[in-house]
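Peer 1: Sending over run27.csv (CSV, C-alpha atoms).
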```csv
chain,number,residue,atom,x,y,z
A,91,MET,CA,38.4,10.9,48.4
A,92,ASN,CA,38.9,7.9,46.2
A,93,ILE,CA,39.5,4.2,47.0
A,94,PRO,CA,43.3,4.3,46.9
A,95,ASN,CA,43.3,7.3,49.2
A,96,ILE,CA,41.0,5.6,51.6
A,97,ILE,CA,43.3,2.6,51.6
A,98,SER,CA,46.3,4.9,52.4
A,99,LEU,CA,44.3,6.5,55.2
A,100,SER,CA,43.4,3.1,56.6
A,101,ARG,CA,47.1,2.3,56.7
A,102,ILE,CA,47.7,5.5,58.8
A,103,LEU,CA,44.9,4.4,61.2
A,104,LEU,CA,46.3,0.9,61.5
A,105,THR,CA,49.7,2.1,62.5
A,106,PRO,CA,48.9,2.8,66.2
A,107,VAL,CA,47.0,-0.5,66.3
A,108,PHE,CA,50.2,-2.3,65.2
A,109,ALA,CA,52.2,-0.4,67.8
A,110,LEU,CA,49.8,-1.2,70.6
A,111,LEU,CA,49.6,-4.9,69.7
A,112,TYR,CA,53.4,-5.1,69.5
A,113,VAL,CA,54.2,-3.4,72.8
A,114,ASN,CA,51.5,-5.5,74.5
A,115,GLY,CA,53.1,-8.7,73.4
A,116,ARG,CA,50.5,-9.7,70.9
A,117,SER,CA,53.0,-10.5,68.2
A,118,THR,CA,50.8,-12.6,66.0
A,119,GLN,CA,48.1,-9.9,65.7
A,120,ALA,CA,50.8,-7.2,65.3
A,121,LEU,CA,52.4,-9.2,62.5
A,122,ALA,CA,48.9,-9.6,60.8
A,123,VAL,CA,48.4,-5.8,61.0
A,124,LEU,CA,51.8,-5.2,59.6
A,125,LEU,CA,51.2,-7.6,56.7
A,126,ILE,CA,47.9,-5.8,56.0
A,127,CYS,CA,49.7,-2.5,55.9
A,128,ALA,CA,52.3,-3.9,53.5
A,129,ALA,CA,49.7,-5.4,51.2
A,130,SER,CA,47.6,-2.2,51.3
A,131,ASP,CA,50.7,-0.2,50.3
A,132,VAL,CA,51.0,-2.3,47.1
A,133,LEU,CA,47.2,-2.4,46.6
A,134,ASP,CA,46.5,1.4,46.8
A,135,GLY,CA,49.2,2.2,44.2
A,136,ALA,CA,48.1,-0.6,41.9
A,137,ILE,CA,44.5,0.5,42.0
A,138,ALA,CA,45.4,4.2,41.5
A,139,ARG,CA,47.4,3.4,38.4
A,140,ARG,CA,45.1,0.8,36.9
A,141,PHE,CA,42.0,2.8,37.2
A,142,ASN,CA,43.5,6.3,36.6
A,143,MET,CA,42.8,7.4,40.2
A,144,VAL,CA,46.2,9.0,40.8
A,145,THR,CA,45.8,12.3,42.7
A,146,ASP,CA,48.0,14.8,44.4
A,147,LEU,CA,46.4,13.9,47.7
A,148,GLY,CA,47.3,10.2,47.1
A,149,LYS,CA,50.9,11.2,46.1
A,150,ALA,CA,51.2,12.8,49.5
A,151,LEU,CA,49.0,10.4,51.6
A,152,ASP,CA,50.7,7.2,50.5
A,153,PRO,CA,54.2,8.1,51.4
A,154,ALA,CA,53.0,9.7,54.6
A,155,ALA,CA,51.4,6.4,55.5
A,156,ASP,CA,54.7,4.6,54.6
A,157,LYS,CA,56.8,6.9,56.7
A,158,LEU,CA,54.5,6.6,59.7
A,159,ILE,CA,54.6,2.8,59.7
A,160,GLN,CA,58.3,2.8,59.0
A,161,LEU,CA,58.9,5.1,62.0
A,162,THR,CA,56.7,2.9,64.2
A,163,MET,CA,58.5,-0.2,63.1
A,164,LEU,CA,61.9,1.4,63.8
A,165,LEU,CA,60.8,2.7,67.2
A,166,CYS,CA,59.5,-0.8,68.2
A,167,ALA,CA,62.7,-2.5,66.9
A,168,ALA,CA,64.9,0.1,68.7
A,169,THR,CA,63.5,-1.2,72.0
A,170,ARG,CA,65.2,-4.6,71.2
A,171,PHE,CA,68.3,-3.5,69.3
A,172,ARG,CA,70.4,-0.4,70.2
A,173,ALA,CA,71.8,-0.2,66.7
A,174,VAL,CA,68.4,0.7,65.4
A,175,TRP,CA,68.4,4.0,67.3
A,176,LEU,CA,71.0,5.3,64.8
A,177,LEU,CA,68.9,4.0,61.9
A,178,LEU,CA,65.9,5.8,63.4
A,179,ALA,CA,67.9,9.0,63.6
A,180,LEU,CA,69.0,8.7,60.0
A,181,HIS,CA,65.4,7.9,58.9
A,182,ILE,CA,64.1,11.1,60.7
A,183,LEU,CA,66.9,13.2,59.2
A,184,ARG,CA,66.0,11.9,55.7
A,185,GLU,CA,62.3,12.5,56.2
A,186,LEU,CA,62.7,16.0,57.5
A,187,SER,CA,65.2,16.9,54.7
A,188,LEU,CA,63.1,15.4,52.0
A,189,GLY,CA,59.9,16.9,53.5
A,190,ALA,CA,61.4,20.4,53.4
A,191,ALA,CA,62.8,19.9,49.9
A,192,GLY,CA,59.5,18.5,48.7
A,193,LEU,CA,57.6,21.4,50.0
A,194,TYR,CA,60.0,23.8,48.4
A,195,VAL,CA,59.6,22.1,45.1
A,196,LEU,CA,55.9,22.1,45.5
A,197,ARG,CA,55.9,25.9,46.1
A,198,GLN,CA,58.2,26.4,43.1
A,199,THR,CA,56.5,24.1,40.6
A,200,GLY,CA,53.0,23.7,41.9
A,201,ARG,CA,53.3,19.9,41.5
A,202,VAL,CA,53.6,17.0,43.9
A,203,TYR,CA,56.0,14.4,42.6
A,204,GLY,CA,55.4,10.7,43.3
A,205,ALA,CA,57.7,8.0,44.7
A,206,ARG,CA,60.6,6.7,42.7
A,207,TRP,CA,61.8,3.2,42.4
A,208,TYR,CA,64.6,3.7,44.9
A,209,GLY,CA,62.1,4.9,47.5
A,210,LYS,CA,60.0,1.8,46.9
A,211,LEU,CA,63.0,-0.4,47.2
A,212,CYS,CA,64.0,1.2,50.5
A,213,THR,CA,60.5,0.8,51.8
A,214,ALA,CA,60.4,-2.9,50.9
A,215,VAL,CA,63.8,-3.6,52.4
A,216,LEU,CA,62.9,-1.7,55.6
A,217,TYR,CA,59.7,-3.7,55.9
A,218,ILE,CA,61.6,-7.0,55.5
A,219,VAL,CA,64.5,-6.2,57.9
A,220,MET,CA,62.3,-4.6,60.6
A,221,THR,CA,59.9,-7.6,60.4
A,222,VAL,CA,62.8,-9.9,61.0
A,223,PHE,CA,64.0,-7.7,63.9
A,224,LEU,CA,60.6,-7.5,65.4
A,225,PHE,CA,59.3,-11.0,65.1
A,226,LEU,CA,62.2,-13.4,65.3
A,227,ARG,CA,62.9,-14.3,68.9
A,228,SER,CA,66.6,-14.5,68.4
A,229,VAL,CA,68.5,-12.4,65.8
A,230,PRO,CA,72.3,-12.9,65.7
A,231,ASP,CA,74.3,-9.7,66.3
A,232,SER,CA,75.9,-10.1,62.8
A,233,ALA,CA,72.4,-10.1,61.2
A,234,VAL,CA,71.4,-7.0,63.2
A,235,ARG,CA,74.6,-5.2,62.0
A,236,ALA,CA,74.1,-6.3,58.4
A,237,GLY,CA,70.4,-5.5,58.3
A,238,THR,CA,71.0,-2.1,60.0
A,239,ALA,CA,73.9,-1.3,57.6
A,240,MET,CA,71.8,-2.2,54.5
A,241,CYS,CA,68.9,-0.1,55.7
A,242,ALA,CA,71.2,2.8,56.5
A,243,PHE,CA,72.8,2.6,53.1
A,244,LEU,CA,69.4,2.6,51.3
A,245,ILE,CA,68.0,5.4,53.5
A,246,SER,CA,71.2,7.5,52.6
A,247,LEU,CA,71.0,6.6,48.9
A,248,CYS,CA,67.3,7.7,48.8
A,249,LEU,CA,68.2,11.0,50.5
A,250,PHE,CA,70.9,11.6,47.9
A,251,LEU,CA,68.8,10.4,44.9
A,252,TYR,CA,65.6,12.3,45.8
A,253,MET,CA,67.6,15.5,46.5
A,254,ALA,CA,69.3,15.1,43.1
A,255,ASN,CA,65.9,14.6,41.5
A,256,TYR,CA,64.5,17.7,43.2
A,257,ILE,CA,67.5,19.8,42.1
A,258,ARG,CA,67.0,18.5,38.5
A,259,ILE,CA,63.3,19.4,38.7
A,260,LEU,CA,64.0,22.9,40.0
A,261,ARG,CA,66.7,23.4,37.3
A,262,LEU,CA,64.2,22.4,34.5
A,263,CYS,CA,61.6,24.6,36.0
A,264,ARG,CA,63.9,27.6,36.0
A,265,GLU,CA,65.1,26.9,32.4
A,266,HIS,CA,61.4,26.7,31.4
A,267,GLU,CA,60.7,30.0,33.1
A,268,ALA,CA,63.8,31.6,31.4
A,269,GLU,CA,62.5,30.4,28.0
A,270,LYS,CA,59.2,32.2,28.6
A,271,ASP,CA,60.8,35.4,29.8
A,272,PRO,CA,64.5,35.8,28.7
A,273,ARG,CA,64.8,39.0,30.9
A,274,SER,CA,64.4,36.9,34.0
A,275,VAL,CA,67.8,35.3,33.7
```
Could you spell out this file's structure in structure tokens?

Peer 2:
Amino acid sequence: MNIPNIISLSRILLTPVFALLYVNGRSTQALAVLLICAASDVLDGAIARRFNMVTDLGKALDPAADKLIQLTMLLCAATRFRAVWLLLALHILRELSLGAAGLYVLRQTGRVYGARWYGKLCTAVLYIVMTVFLFLRSVPDSAVRAGTAMCAFLISLCLFLYMANYIRILRLCREHEAEKDPRSV
């Protein structure tokens, strides 16, 4: 277990702390925990890349921590805004679909593939929008609709782009196998 993986694990452990603080009305402390989670998300990846500490465990642990905090933020925001329930359902659908596809790719290739730029963009936007939804006392309905629509678009885009990437990886893997054994075609 290296430092970036410990940071990712810490983010997982901080997620229920954030939720408890938020539901108990301790907004300032909840926001502080959320900001620590966001900063640690950037930090663990930077350390892993800078000091050559990228591992398959980290490639799985970091996005798992991201998804857990995103799910928790969405659940908390859904208690304030009904529109977020649909976003939550879309988020769960995406995660279940990509989780199944990722496991299939892992079984076929023996490799764990890291996050792509569009996944990082989606995470950043989701953090920003949910932070606004959770911590501003009054959010206009138009802002709720716009923020929810933007997140729904990015979640859907990620689902599409990751699936396309998995299909490309599987195709390349099959082509590589066919080159090694022409009879397998």

Peer 1: Which residue, A:His266, A:Lys149, A:Arg101, A:Arg140, has the smallest gap to Ile126 of chain A when you use only C-alpha atoms?

Peer 2: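 Smallest distance to Ile126 of chain A is found for A:Arg101.
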
Peer 1: Report as a list in words all protein, DNA and RNA residues lying within 10 Å of Asp152 of chain A, evaluated on all atoms listed in the file, omitting residues in the same chain fewer than 4 positions from it.

Peer 2: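 Counting all atoms listed in the file, the residues come to Pro94, Asn95, Ile96, Ile97, Ser98, Leu99, Arg101, Ile102, Ser130, Asp131, Asp134, Gly135, Leu147, Gly148, Asp156, Lys157, Leu158, Gly204 and Ala205 of chain A.
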
Peer 1: Within 12 Å of Arg172 of chain A, counting only C-alpha atoms, which residues qualify if same-chain residues fewer than 5 places away don't, as a ChimeraX atom specification?

Peer 2: /A:164-167,177-179,223,231,234-235,238

Peer 1: Would you work out the distance separating atom CA of Glu185 of chain A from atom CA of Ala138 of chain A, expressed in Å to one decimal?

Peer 2: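 A separation of 23.9 Å between them.
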
Peer 1: Have a look at atom CA of Cys241 of chain A and atom CA of Ala150 of chain A and let me know their distance in Å, one decimal.

Peer 2: 22.8 Å

Peer 1: With 12 Å as the threshold, what does the neighbourhood of (60.7, 4.2, 44.1) contain in terms of residues, counting all atoms listed in the file? Coordinates are those of the file; answer as a count of residues only.

Peer 2: 23

Peer 1: How many Å lie between atom CA of Gln160 of chain A and atom CA of Asn92 of chain A, rounded to one decimal?

Peer 2: 23.8 Å

Peer 1: From the list A:Ile159, A:Ala154, A:Ile257, A:Ala136, which residue is nearest Ala109 of chain A when using only C-alpha atoms?

Peer 2: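 Answer, going by the shortest atom-to-atom distance: A:Ile159.
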
Peer 1: Considering only C-alpha atoms, state which residue in the set A:Met240, A:Met143, A:Ile93, A:Ala191 is at the smallest distance from Ile259 of chain A.

Peer 2: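 Counting only C-alpha atoms, the residue closest to Ile259 of chain A is A:Ala191.
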
Peer 1: Counting only C-alpha atoms, which residue out of A:Met253, A:Ala173, A:Leu260, A:Tyr194 sits closest to Gly237 of chain A?

Peer 2: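 For Gly237 of chain A, the nearest of the given residues is A:Ala173.
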
Peer 1: Could you check the closest approach to Leu121 of chain A for each of A:Val222, A:Leu180, A:Leu262, A:Ala236 and tell me which residue wins, using only C-alpha atoms?

Peer 2: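 Using only C-alpha atoms, Leu121 of chain A sits closest to A:Val222.
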